[in-house]
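With PDB, C-alpha atoms and all ligand atoms inside, this is input_35.pdb:
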ATOM      1  CA  MET A 141      21.230 100.356 -93.898  1.00  0.00           C
ATOM      2  CA  ASP A 142      17.480 100.060 -93.398  1.00  0.00           C
ATOM      3  CA  ALA A 143      15.740 101.181 -90.233  1.00  0.00           C
ATOM      4  CA  LEU A 144      15.417  97.743 -88.637  1.00  0.00           C
ATOM      5  CA  GLU A 145      19.029  96.909 -89.307  1.00  0.00           C
ATOM      6  CA  ALA A 146      20.094 100.190 -87.716  1.00  0.00           C
ATOM      7  CA  LEU A 147      17.898  99.554 -84.689  1.00  0.00           C
ATOM      8  CA  THR A 148      19.092  95.996 -84.129  1.00  0.00           C
ATOM      9  CA  THR A 149      22.807  96.477 -84.792  1.00  0.00           C
ATOM     10  CA  ARG A 150      23.504  99.714 -82.888  1.00  0.00           C
ATOM     11  CA  LYS A 151      26.175  99.230 -80.255  1.00  0.00           C
ATOM     12  CA  SER A 152      27.684 101.726 -77.853  1.00  0.00           C
ATOM     13  CA  THR A 153      31.378 102.322 -77.715  1.00  0.00           C
ATOM     14  CA  ALA A 154      33.496 104.674 -75.642  1.00  0.00           C
ATOM     15  CA  GLN A 155      36.435 104.240 -78.056  1.00  0.00           C
ATOM     16  CA  LEU A 156      35.699 107.121 -80.391  1.00  0.00           C
ATOM     17  CA  ILE A 157      37.941 108.865 -82.897  1.00  0.00           C
ATOM     18  CA  ASP A 158      37.561 111.244 -85.857  1.00  0.00           C
ATOM     19  CA  PRO A 159      35.604 111.723 -88.000  1.00  0.00           C
ATOM     20  CA  ALA A 160      32.398 112.768 -86.308  1.00  0.00           C
ATOM     21  CA  PRO A 161      29.230 113.516 -88.240  1.00  0.00           C
ATOM     22  CA  GLU A 162      29.169 117.012 -89.681  1.00  0.00           C
ATOM     23  CA  GLY A 163      27.440 119.009 -92.418  1.00  0.00           C
ATOM     24  CA  GLN A 164      24.665 117.106 -94.175  1.00  0.00           C
ATOM     25  CA  ASP A 165      25.120 114.066 -91.951  1.00  0.00           C
ATOM     26  CA  LEU A 166      24.533 116.184 -88.867  1.00  0.00           C
ATOM     27  CA  GLU A 167      21.477 117.734 -90.499  1.00  0.00           C
ATOM     28  CA  LYS A 168      20.065 114.252 -91.171  1.00  0.00           C
ATOM     29  CA  ILE A 169      20.728 113.301 -87.566  1.00  0.00           C
ATOM     30  CA  PHE A 170      18.882 116.336 -86.202  1.00  0.00           C
ATOM     31  CA  SER A 171      16.070 115.837 -88.722  1.00  0.00           C
ATOM     32  CA  ALA A 172      15.609 112.389 -87.181  1.00  0.00           C
ATOM     33  CA  ALA A 173      15.863 113.839 -83.666  1.00  0.00           C
ATOM     34  CA  ILE A 174      12.980 116.252 -84.193  1.00  0.00           C
ATOM     35  CA  ARG A 175      10.712 113.577 -85.691  1.00  0.00           C
ATOM     36  CA  VAL A 176      10.101 111.887 -82.357  1.00  0.00           C
ATOM     37  CA  PRO A 177       6.638 111.525 -80.847  1.00  0.00           C
ATOM     38  CA  ASP A 178       5.811 114.752 -79.033  1.00  0.00           C
ATOM     39  CA  HIS A 179       2.543 114.983 -77.099  1.00  0.00           C
ATOM     40  CA  GLY A 180       0.991 118.401 -77.650  1.00  0.00           C
ATOM     41  CA  CYS A 181       3.666 119.353 -80.206  1.00  0.00           C
ATOM     42  CA  LEU A 182       5.538 121.165 -77.440  1.00  0.00           C
ATOM     43  CA  ARG A 183       8.945 120.599 -79.069  1.00  0.00           C
ATOM     44  CA  PRO A 184      10.586 120.114 -75.675  1.00  0.00           C
ATOM     45  CA  TRP A 185      14.106 119.712 -77.021  1.00  0.00           C
ATOM     46  CA  GLN A 186      17.340 121.647 -77.053  1.00  0.00           C
ATOM     47  CA  PHE A 187      20.487 120.206 -78.597  1.00  0.00           C
ATOM     48  CA  VAL A 188      23.817 121.812 -77.721  1.00  0.00           C
ATOM     49  CA  ILE A 189      26.762 120.867 -79.927  1.00  0.00           C
ATOM     50  CA  PHE A 190      30.318 120.846 -78.582  1.00  0.00           C
ATOM     51  CA  LYS A 191      33.166 120.175 -81.011  1.00  0.00           C
ATOM     52  CA  ASP A 192      36.726 121.306 -81.599  1.00  0.00           C
ATOM     53  CA  GLU A 193      37.905 123.832 -79.007  1.00  0.00           C
ATOM     54  CA  ALA A 194      34.410 124.371 -77.575  1.00  0.00           C
ATOM     55  CA  ARG A 195      34.908 121.016 -75.846  1.00  0.00           C
ATOM     56  CA  ALA A 196      37.445 122.734 -73.583  1.00  0.00           C
ATOM     57  CA  GLU A 197      34.669 125.003 -72.310  1.00  0.00           C
ATOM     58  CA  LEU A 198      32.474 122.001 -71.542  1.00  0.00           C
ATOM     59  CA  GLY A 199      35.407 120.572 -69.591  1.00  0.00           C
ATOM     60  CA  GLN A 200      35.678 123.861 -67.713  1.00  0.00           C
ATOM     61  CA  ILE A 201      31.994 123.656 -66.845  1.00  0.00           C
ATOM     62  CA  PHE A 202      32.570 120.152 -65.421  1.00  0.00           C
ATOM     63  CA  CYS A 203      35.542 121.568 -63.464  1.00  0.00           C
ATOM     64  CA  GLY A 204      33.404 124.391 -62.120  1.00  0.00           C
ATOM     65  CA  ALA A 205      30.970 121.809 -60.750  1.00  0.00           C
ATOM     66  CA  LEU A 206      33.790 119.817 -59.191  1.00  0.00           C
ATOM     67  CA  GLU A 207      35.199 122.938 -57.527  1.00  0.00           C
ATOM     68  CA  LEU A 208      31.826 123.719 -55.962  1.00  0.00           C
ATOM     69  CA  ASN A 209      31.113 120.142 -54.887  1.00  0.00           C
ATOM     70  CA  ASP A 210      34.591 119.262 -53.648  1.00  0.00           C
ATOM     71  CA  PRO A 211      36.784 122.267 -52.861  1.00  0.00           C
ATOM     72  CA  ASN A 212      39.602 119.866 -51.909  1.00  0.00           C
ATOM     73  CA  ALA A 213      39.539 117.982 -55.224  1.00  0.00           C
ATOM     74  CA  SER A 214      42.970 117.021 -56.488  1.00  0.00           C
ATOM     75  CA  GLU A 215      44.702 118.402 -59.553  1.00  0.00           C
ATOM     76  CA  ALA A 216      44.230 114.986 -61.158  1.00  0.00           C
ATOM     77  CA  ALA A 217      40.464 115.135 -60.575  1.00  0.00           C
ATOM     78  CA  PHE A 218      40.256 118.518 -62.347  1.00  0.00           C
ATOM     79  CA  GLU A 219      42.424 117.178 -65.166  1.00  0.00           C
ATOM     80  CA  LYS A 220      40.011 114.262 -65.562  1.00  0.00           C
ATOM     81  CA  GLU A 221      36.992 116.586 -65.829  1.00  0.00           C
ATOM     82  CA  LEU A 222      38.770 118.775 -68.385  1.00  0.00           C
ATOM     83  CA  LYS A 223      39.510 115.756 -70.544  1.00  0.00           C
ATOM     84  CA  LYS A 224      36.040 114.229 -70.455  1.00  0.00           C
ATOM     85  CA  PRO A 225      34.632 116.071 -73.501  1.00  0.00           C
ATOM     86  CA  TYR A 226      37.690 114.990 -75.506  1.00  0.00           C
ATOM     87  CA  ARG A 227      36.607 111.359 -75.289  1.00  0.00           C
ATOM     88  CA  ALA A 228      34.862 111.937 -78.641  1.00  0.00           C
ATOM     89  CA  PRO A 229      35.199 114.451 -81.471  1.00  0.00           C
ATOM     90  CA  LEU A 230      31.591 115.531 -80.989  1.00  0.00           C
ATOM     91  CA  VAL A 231      29.441 115.851 -77.886  1.00  0.00           C
ATOM     92  CA  ILE A 232      25.757 116.668 -78.165  1.00  0.00           C
ATOM     93  CA  VAL A 233      23.998 117.657 -74.964  1.00  0.00           C
ATOM     94  CA  VAL A 234      20.298 116.839 -75.133  1.00  0.00           C
ATOM     95  CA  ILE A 235      18.139 118.956 -72.850  1.00  0.00           C
ATOM     96  CA  ALA A 236      14.425 118.482 -72.220  1.00  0.00           C
ATOM     97  CA  LYS A 237      13.086 122.055 -72.142  1.00  0.00           C
ATOM     98  CA  VAL A 238       9.834 121.482 -70.347  1.00  0.00           C
ATOM     99  CA  GLN A 239       6.779 123.543 -69.538  1.00  0.00           C
ATOM    100  CA  ASP A 240       3.707 123.165 -67.381  1.00  0.00           C
ATOM    101  CA  HIS A 241       0.870 121.966 -69.563  1.00  0.00           C
ATOM    102  CA  PRO A 242      -2.654 120.924 -68.626  1.00  0.00           C
ATOM    103  CA  LYS A 243      -2.503 117.699 -70.681  1.00  0.00           C
ATOM    104  CA  VAL A 244       1.161 116.868 -71.050  1.00  0.00           C
ATOM    105  CA  PRO A 245       2.967 115.987 -67.828  1.00  0.00           C
ATOM    106  CA  ILE A 246       6.634 116.894 -67.618  1.00  0.00           C
ATOM    107  CA  VAL A 247       7.636 113.233 -67.658  1.00  0.00           C
ATOM    108  CA  GLU A 248       6.179 112.910 -71.160  1.00  0.00           C
ATOM    109  CA  GLN A 249       8.220 115.870 -72.342  1.00  0.00           C
ATOM    110  CA  VAL A 250      11.367 114.317 -70.881  1.00  0.00           C
ATOM    111  CA  LEU A 251      10.493 111.023 -72.595  1.00  0.00           C
ATOM    112  CA  SER A 252      10.198 112.866 -75.898  1.00  0.00           C
ATOM    113  CA  ALA A 253      13.664 114.355 -75.389  1.00  0.00           C
ATOM    114  CA  GLY A 254      14.956 110.872 -74.518  1.00  0.00           C
ATOM    115  CA  ALA A 255      13.459 109.565 -77.749  1.00  0.00           C
ATOM    116  CA  ALA A 256      15.217 112.394 -79.603  1.00  0.00           C
ATOM    117  CA  ALA A 257      18.501 111.332 -78.001  1.00  0.00           C
ATOM    118  CA  GLN A 258      17.929 107.762 -79.137  1.00  0.00           C
ATOM    119  CA  ASN A 259      17.077 108.897 -82.674  1.00  0.00           C
ATOM    120  CA  ILE A 260      20.412 110.722 -82.709  1.00  0.00           C
ATOM    121  CA  MET A 261      22.242 107.559 -81.636  1.00  0.00           C
ATOM    122  CA  ILE A 262      20.432 105.377 -84.172  1.00  0.00           C
ATOM    123  CA  SER A 263      20.761 107.733 -87.111  1.00  0.00           C
ATOM    124  CA  ALA A 264      24.457 108.324 -86.357  1.00  0.00           C
ATOM    125  CA  HIS A 265      24.918 104.544 -86.458  1.00  0.00           C
ATOM    126  CA  ALA A 266      22.931 104.266 -89.709  1.00  0.00           C
ATOM    127  CA  LEU A 267      25.326 106.806 -91.247  1.00  0.00           C
ATOM    128  CA  GLY A 268      28.347 104.756 -90.205  1.00  0.00           C
ATOM    129  CA  PHE A 269      29.255 106.620 -87.015  1.00  0.00           C
ATOM    130  CA  ALA A 270      29.179 105.423 -83.425  1.00  0.00           C
ATOM    131  CA  GLY A 271      28.821 106.771 -79.929  1.00  0.00           C
ATOM    132  CA  ILE A 272      27.747 106.393 -76.375  1.00  0.00           C
ATOM    133  CA  TRP A 273      24.975 108.064 -74.375  1.00  0.00           C
ATOM    134  CA  ARG A 274      26.261 109.179 -71.015  1.00  0.00           C
ATOM    135  CA  THR A 275      24.689 110.937 -68.071  1.00  0.00           C
ATOM    136  CA  GLY A 276      26.492 110.744 -64.727  1.00  0.00           C
ATOM    137  CA  ALA A 277      26.558 113.395 -62.022  1.00  0.00           C
ATOM    138  CA  PRO A 278      26.918 116.365 -64.440  1.00  0.00           C
ATOM    139  CA  CYS A 279      23.392 115.760 -65.739  1.00  0.00           C
ATOM    140  CA  TYR A 280      21.945 116.509 -62.335  1.00  0.00           C
ATOM    141  CA  ASP A 281      24.419 119.119 -61.151  1.00  0.00           C
ATOM    142  CA  ASP A 282      22.953 122.594 -60.577  1.00  0.00           C
ATOM    143  CA  PHE A 283      26.041 124.429 -61.828  1.00  0.00           C
ATOM    144  CA  VAL A 284      26.260 122.354 -65.029  1.00  0.00           C
ATOM    145  CA  ARG A 285      22.518 122.662 -65.585  1.00  0.00           C
ATOM    146  CA  GLU A 286      22.606 126.422 -65.203  1.00  0.00           C
ATOM    147  CA  ARG A 287      25.623 126.851 -67.510  1.00  0.00           C
ATOM    148  CA  LEU A 288      24.033 124.684 -70.213  1.00  0.00           C
ATOM    149  CA  GLY A 289      20.707 126.470 -70.056  1.00  0.00           C
ATOM    150  CA  ALA A 290      18.601 123.958 -68.154  1.00  0.00           C
ATOM    151  CA  THR A 291      16.310 125.878 -65.809  1.00  0.00           C
ATOM    152  CA  GLY A 292      13.443 124.937 -63.506  1.00  0.00           C
ATOM    153  CA  GLU A 293      12.215 121.438 -64.284  1.00  0.00           C
ATOM    154  CA  ASP A 294      14.299 121.152 -67.456  1.00  0.00           C
ATOM    155  CA  GLN A 295      16.303 117.961 -67.600  1.00  0.00           C
ATOM    156  CA  ILE A 296      19.642 117.210 -69.198  1.00  0.00           C
ATOM    157  CA  VAL A 297      18.804 113.795 -70.598  1.00  0.00           C
ATOM    158  CA  GLY A 298      22.252 112.984 -71.865  1.00  0.00           C
ATOM    159  CA  PHE A 299      25.675 113.793 -73.162  1.00  0.00           C
ATOM    160  CA  LEU A 300      25.912 111.983 -76.497  1.00  0.00           C
ATOM    161  CA  TYR A 301      29.516 111.256 -77.370  1.00  0.00           C
ATOM    162  CA  LEU A 302      29.806 110.688 -81.111  1.00  0.00           C
ATOM    163  CA  GLY A 303      32.513 109.882 -83.618  1.00  0.00           C
ATOM    164  CA  THR A 304      33.872 106.855 -85.409  1.00  0.00           C
ATOM    165  CA  ALA A 305      34.314 103.589 -83.546  1.00  0.00           C
ATOM    166  CA  LYS A 306      37.889 102.569 -82.854  1.00  0.00           C
ATOM    167  CA  SER A 307      36.587  99.294 -81.479  1.00  0.00           C
ATOM    168  CA  PHE A 308      33.374  97.802 -80.146  1.00  0.00           C
ATOM    169  CA  PRO A 309      32.735  95.661 -77.078  1.00  0.00           C
ATOM    170  CA  PRO A 310      30.927  92.396 -77.873  1.00  0.00           C
ATOM    171  CA  MET A 311      27.190  92.449 -78.487  1.00  0.00           C
ATOM    172  CA  PRO A 312      25.296  91.378 -75.340  1.00  0.00           C
ATOM    173  CA  ASP A 313      23.280  88.190 -75.502  1.00  0.00           C
ATOM    174  CA  VAL A 314      19.788  89.245 -74.454  1.00  0.00           C
ATOM    175  CA  SER A 315      16.709  87.087 -74.861  1.00  0.00           C
ATOM    176  CA  ILE A 316      13.511  88.714 -76.112  1.00  0.00           C
ATOM    177  CA  ALA A 317      11.474  86.147 -74.175  1.00  0.00           C
ATOM    178  CA  ASP A 318      12.753  87.540 -70.870  1.00  0.00           C
ATOM    179  CA  TYR A 319      11.033  90.875 -71.513  1.00  0.00           C
ATOM    180  CA  VAL A 320       7.942  90.111 -73.565  1.00  0.00           C
ATOM    181  CA  MET A 321       4.716  88.524 -72.448  1.00  0.00           C
ATOM    182  CA  GLU A 322       1.415  88.208 -74.179  1.00  0.00           C
ATOM    183  CA  TRP A 323      -1.618  89.025 -72.064  1.00  0.00           C
ATOM    184  CA  LYS A 324      -4.068  86.170 -72.525  1.00  0.00           C
ATOM    185  CA  ALA A 325      -7.751  87.041 -72.385  1.00  0.00           C
ATOM    186  CA  ALA A 326      -9.526  85.452 -69.415  1.00  0.00           C
ATOM    187  CA  LYS A 327     -11.942  82.636 -70.337  1.00  0.00           C
ATOM    188  CA  ILE A 328     -15.519  83.626 -69.623  1.00  0.00           C
TER     189      ILE A 328
HETATM  190  C1  LIG B 401      19.876 107.574 -69.925  1.00  0.00           C
HETATM  191  C2  LIG B 401      21.146 106.784 -70.067  1.00  0.00           C
HETATM  192  C3  LIG B 401      22.271 107.172 -69.373  1.00  0.00           C
HETATM  193  C4  LIG B 401      23.462 106.469 -69.475  1.00  0.00           C
HETATM  194  N1  LIG B 401      24.580 106.902 -68.804  1.00  0.00           N
HETATM  195  C5  LIG B 401      25.742 106.250 -68.943  1.00  0.00           C
HETATM  196  C6  LIG B 401      26.927 106.753 -68.321  1.00  0.00           C
HETATM  197  O1  LIG B 401      26.937 107.786 -67.673  1.00  0.00           O
HETATM  198  N2  LIG B 401      28.054 106.038 -68.480  1.00  0.00           N
HETATM  199  C7  LIG B 401      28.091 104.876 -69.210  1.00  0.00           C
HETATM  200  O2  LIG B 401      29.164 104.268 -69.330  1.00  0.00           O
HETATM  201  N3  LIG B 401      26.983 104.399 -69.821  1.00  0.00           N
HETATM  202  C8  LIG B 401      25.817 105.058 -69.705  1.00  0.00           C
HETATM  203  N4  LIG B 401      24.694 104.579 -70.326  1.00  0.00           N
HETATM  204  C9  LIG B 401      24.737 103.278 -71.006  1.00  0.00           C
HETATM  205  C10 LIG B 401      25.385 103.338 -72.381  1.00  0.00           C
HETATM  206  O3  LIG B 401      24.846 104.409 -73.149  1.00  0.00           O
HETATM  207  C11 LIG B 401      25.153 102.011 -73.136  1.00  0.00           C
HETATM  208  O4  LIG B 401      23.789 101.819 -73.407  1.00  0.00           O
HETATM  209  C12 LIG B 401      25.701 100.820 -72.376  1.00  0.00           C
HETATM  210  O5  LIG B 401      27.088 100.962 -72.279  1.00  0.00           O
HETATM  211  C13 LIG B 401      25.354  99.482 -73.049  1.00  0.00           C
HETATM  212  O6  LIG B 401      25.845  99.432 -74.348  1.00  0.00           O
HETATM  213  P1  LIG B 401      24.866  99.180 -75.591  1.00  0.00           P
HETATM  214  O7  LIG B 401      24.077 100.450 -75.791  1.00  0.00           O
HETATM  215  O8  LIG B 401      25.771  98.875 -76.720  1.00  0.00           O
HETATM  216  O9  LIG B 401      24.012  98.020 -75.225  1.00  0.00           O
HETATM  217  C14 LIG B 401      23.511 105.307 -70.279  1.00  0.00           C
HETATM  218  C15 LIG B 401      22.365 104.921 -71.004  1.00  0.00           C
HETATM  219  C16 LIG B 401      21.204 105.658 -70.903  1.00  0.00           C
HETATM  220  C17 LIG B 401      19.995 105.234 -71.698  1.00  0.00           C
END

Show the structure stored in the file as structure tokens.
Ligand SMILES: Cc1cc2nc3c(=O)[nH]c(=O)nc-3n(C[C@H](O)[C@H](O)[C@H](O)COP(=O)(O)O)c2cc1C
Amino acid sequence: MDALEALTTRKSTAQLIDPAPEGQDLEKIFSAAIRVPDHGCLRPWQFVIFKDEARAELGQIFCGALELNDPNASEAAFEKELKKPYRAPLVIVVIAKVQDHPKVPIVEQVLSAGAAAQNIMISAHALGFAGIWRTGAPCYDDFVRERLGATGEDQIVGFLYLGTAKSFPPMPDVSIADYVMEWKAAKI
């Protein structure tokens, strides 16, 4: 699959089963992730891989956040949090590890990490895998942030759920013309 085909045919799905990318495929995916534009070459990225039984610990982290935020949460709510990381065989947490810099505002470092997340999604698709980029409350939760190593202004930019598509929702019908305009030079 060439680059343009990968870019224009990627589709998210939450219906993910084995296999997930591993070994050389995963190396290719991370090679693509670290080739994103990066103002100041600050390398503001951290990728945390959860697979197999480690996913249970991610679920426990989500439960820890729920316990702190809602001490009266039901058993079912905790069960739901525990199961979340099992929605895919592989979960990659993408964290923007940012620093104060005289020329590179933090937002640019977060954008670079977002681009890395997108390169992961695209390259996984190009290799025949599928996934969905999720955020939700855990991205912004202090307990989750601390447990995953996001400190200060660091930002969890996404939980990338990856595997093989069981099914895909239909492709949305979006018109390029709705989003693109050409700036016409004023007549002098
Ligand atoms: C930063 C970011 C956060 C997202 N968070 C969620 C999320 O928490 N839950 C969700 O269902 N979709 C989330 N999405 C949207 C999906 O990743 C996906 O783009 C959407 O379902 C549309 O499908 P498509 O990518 O095939 O067009 C997020 C997308 C981005 C870019």

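If you look at CA of Ala253 (chain A) and CA of Glu145 (chain A), they are 23.0 Å away from each other.
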
Next on the checklist: Measuring between all atoms listed in the file, which one of A:His241, A:Arg150, A:Arg274, A:Lys220 shows the shortest distance to ligand LIG 401 (chain B)?
Outcome noted: A:Arg274

Next on the checklist: Taking 3 positions as the minimum chain separation for residues in the same chain, which residues sit within 12 Å of Pro242 (chain A) when counting only C-alpha atoms? Answer as a PyMOL selection string.
Outcome noted: chain A and resi 179-180+239+245-246

Taking C-alpha atoms for each residue, export the selection above as a PDB file, in the frame of the given file.
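Produced file part08.pdb, reproduced below:
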ATOM      1  CA  HIS A 179       2.543 114.983 -77.099  1.00  0.00           C
ATOM      2  CA  GLY A 180       0.991 118.401 -77.650  1.00  0.00           C
ATOM      3  CA  GLN A 239       6.779 123.543 -69.538  1.00  0.00           C
ATOM      4  CA  PRO A 245       2.967 115.987 -67.828  1.00  0.00           C
ATOM      5  CA  ILE A 246       6.634 116.894 -67.618  1.00  0.00           C
TER       6      ILE A 246
END

Find the residues of chain A that sit at most 8 Å from ligand LIG 401 (chain B); for each, write down the nearest two atoms and how far apart they are in Å, to one decimal. Count only C-alpha atoms and all ligand atoms. Sort by chain, then by number going up, and give it as CSV.
residue,atom,partner,partner_atom,distance
A:Arg150,CA,B:LIG401,O8,6.6
A:Lys151,CA,B:LIG401,O8,3.6
A:Ser152,CA,B:LIG401,O8,3.6
A:Thr153,CA,B:LIG401,O8,6.7
A:Ala154,CA,B:LIG401,O2,7.7
A:Gly254,CA,B:LIG401,C1,7.5
A:Ile272,CA,B:LIG401,O3,4.8
A:Trp273,CA,B:LIG401,O3,3.9
A:Arg274,CA,B:LIG401,N1,3.6
A:Thr275,CA,B:LIG401,O1,3.9
A:Gly276,CA,B:LIG401,O1,4.2
A:Ala277,CA,B:LIG401,O1,8.0
A:Val297,CA,B:LIG401,C1,6.3
A:Gly298,CA,B:LIG401,C1,6.2
A:Pro309,CA,B:LIG401,O8,7.7
A:Met311,CA,B:LIG401,O8,6.8
A:Pro312,CA,B:LIG401,O9,6.8

Checklist outcome for this item: Between A:Ala264, A:Leu302, A:Phe283, A:Ala216, smallest distance to Lys168 (chain A) by all atoms listed in the file belongs to A:Ala264

Item to check | Explicit residue set for the PyMOL selection byres (((chain A and resi 260) around 10) and not hetatm), as a list in words | outcome: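 Selected by the PyMOL selection byres (((chain A and resi 260) around 10) and not hetatm) here: Leu166, Lys168, Ile169, Phe170, Ser171, Ala172, Ala173, Ile174, Ile232, Val234, Gly254, Ala255, Ala256, Ala257, Gln258, Asn259, Met261, Ile262, Ser263, Ala264, His265, Ala266, Gly271, Trp273, Leu300 and Leu302 of chain A.
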
Item to check | Protein/DNA/RNA residues near (35.7, 113.0, -88.6), cut 12 Å, all atoms listed in the file, as a PyMOL selection string | outcome: chain A and resi 156-163+165-166+191-192+228-230+268-270+302-305

Checklist entry - So what does the PyMOL selection byres (((chain A and resi 221) around 10) and not hetatm) actually pick up in this one, as a ChimeraX atom specification? => result /A:196,198-206,216-220,222-226

Could the residues in this selection be saved with C-alpha atoms as an mmCIF file, in the coordinates of the input?
data_model
loop_
_atom_site.group_PDB
_atom_site.id
_atom_site.type_symbol
_atom_site.label_atom_id
_atom_site.label_comp_id
_atom_site.auth_asym_id
_atom_site.auth_seq_id
_atom_site.Cartn_x
_atom_site.Cartn_y
_atom_site.Cartn_z
ATOM 1 C CA ALA A 196 37.445 122.734 -73.583
ATOM 2 C CA LEU A 198 32.474 122.001 -71.542
ATOM 3 C CA GLY A 199 35.407 120.572 -69.591
ATOM 4 C CA GLN A 200 35.678 123.861 -67.713
ATOM 5 C CA ILE A 201 31.994 123.656 -66.845
ATOM 6 C CA PHE A 202 32.570 120.152 -65.421
ATOM 7 C CA CYS A 203 35.542 121.568 -63.464
ATOM 8 C CA GLY A 204 33.404 124.391 -62.120
ATOM 9 C CA ALA A 205 30.970 121.809 -60.750
ATOM 10 C CA LEU A 206 33.790 119.817 -59.191
ATOM 11 C CA ALA A 216 44.230 114.986 -61.158
ATOM 12 C CA ALA A 217 40.464 115.135 -60.575
ATOM 13 C CA PHE A 218 40.256 118.518 -62.347
ATOM 14 C CA GLU A 219 42.424 117.178 -65.166
ATOM 15 C CA LYS A 220 40.011 114.262 -65.562
ATOM 16 C CA LEU A 222 38.770 118.775 -68.385
ATOM 17 C CA LYS A 223 39.510 115.756 -70.544
ATOM 18 C CA LYS A 224 36.040 114.229 -70.455
ATOM 19 C CA PRO A 225 34.632 116.071 -73.501
ATOM 20 C CA TYR A 226 37.690 114.990 -75.506
#

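We find CA of Gly289 (chain A) and CA of Gln155 (chain A) to be spaced 28.4 Å apart.
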
Using only C-alpha atoms, list the residues that have an atom at most 12 Å from (24.2, 125.1, -74.9), coordinates as in the file, as a short mmCIF file (atom, residue, chain, number, x, y, z; two decimals) with C-alpha atoms, in the coordinates of the input.
data_model
loop_
_atom_site.label_atom_id
_atom_site.label_comp_id
_atom_site.auth_asym_id
_atom_site.auth_seq_id
_atom_site.Cartn_x
_atom_site.Cartn_y
_atom_site.Cartn_z
CA TRP A 185 14.11 119.71 -77.02
CA GLN A 186 17.34 121.65 -77.05
CA PHE A 187 20.49 120.21 -78.60
CA VAL A 188 23.82 121.81 -77.72
CA ILE A 189 26.76 120.87 -79.93
CA PHE A 190 30.32 120.85 -78.58
CA LYS A 191 33.17 120.18 -81.01
CA ALA A 194 34.41 124.37 -77.58
CA ARG A 195 34.91 121.02 -75.85
CA GLU A 197 34.67 125.00 -72.31
CA LEU A 198 32.47 122.00 -71.54
CA ILE A 201 31.99 123.66 -66.84
CA VAL A 231 29.44 115.85 -77.89
CA ILE A 232 25.76 116.67 -78.17
CA VAL A 233 24.00 117.66 -74.96
CA VAL A 234 20.30 116.84 -75.13
CA ILE A 235 18.14 118.96 -72.85
CA LYS A 237 13.09 122.06 -72.14
CA VAL A 284 26.26 122.35 -65.03
CA ARG A 285 22.52 122.66 -65.58
CA GLU A 286 22.61 126.42 -65.20
CA ARG A 287 25.62 126.85 -67.51
CA LEU A 288 24.03 124.68 -70.21
CA GLY A 289 20.71 126.47 -70.06
CA ALA A 290 18.60 123.96 -68.15
CA ILE A 296 19.64 117.21 -69.20
CA PHE A 299 25.68 113.79 -73.16
#

Next on the checklist: Can you measure CA of Val247 (chain A) to CA of Tyr280 (chain A) for me? One decimal in Å is fine.
Outcome noted: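 The value is 15.6 Å.
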
Item to check | Counting all atoms listed in the file, the option among A:Ser214, A:Asp240, A:Ala325, A:Leu208 closest to Asp281 (chain A) | outcome: A:Leu208

Axis-aligned box over every listed atom of region 252-264 of chain A, padded by 8 Å per side: centre and edges in Å to one decimal, as JSON?
{"center_x": 17.3, "center_y": 109.9, "center_z": -80.8, "size_x": 30.3, "size_y": 25.0, "size_z": 28.6}

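The closest residue to Leu182 (chain A), picked from A:Gln164, A:Gln249, A:Thr149, A:Asn212 and counting only C-alpha atoms, is A:Gln249.
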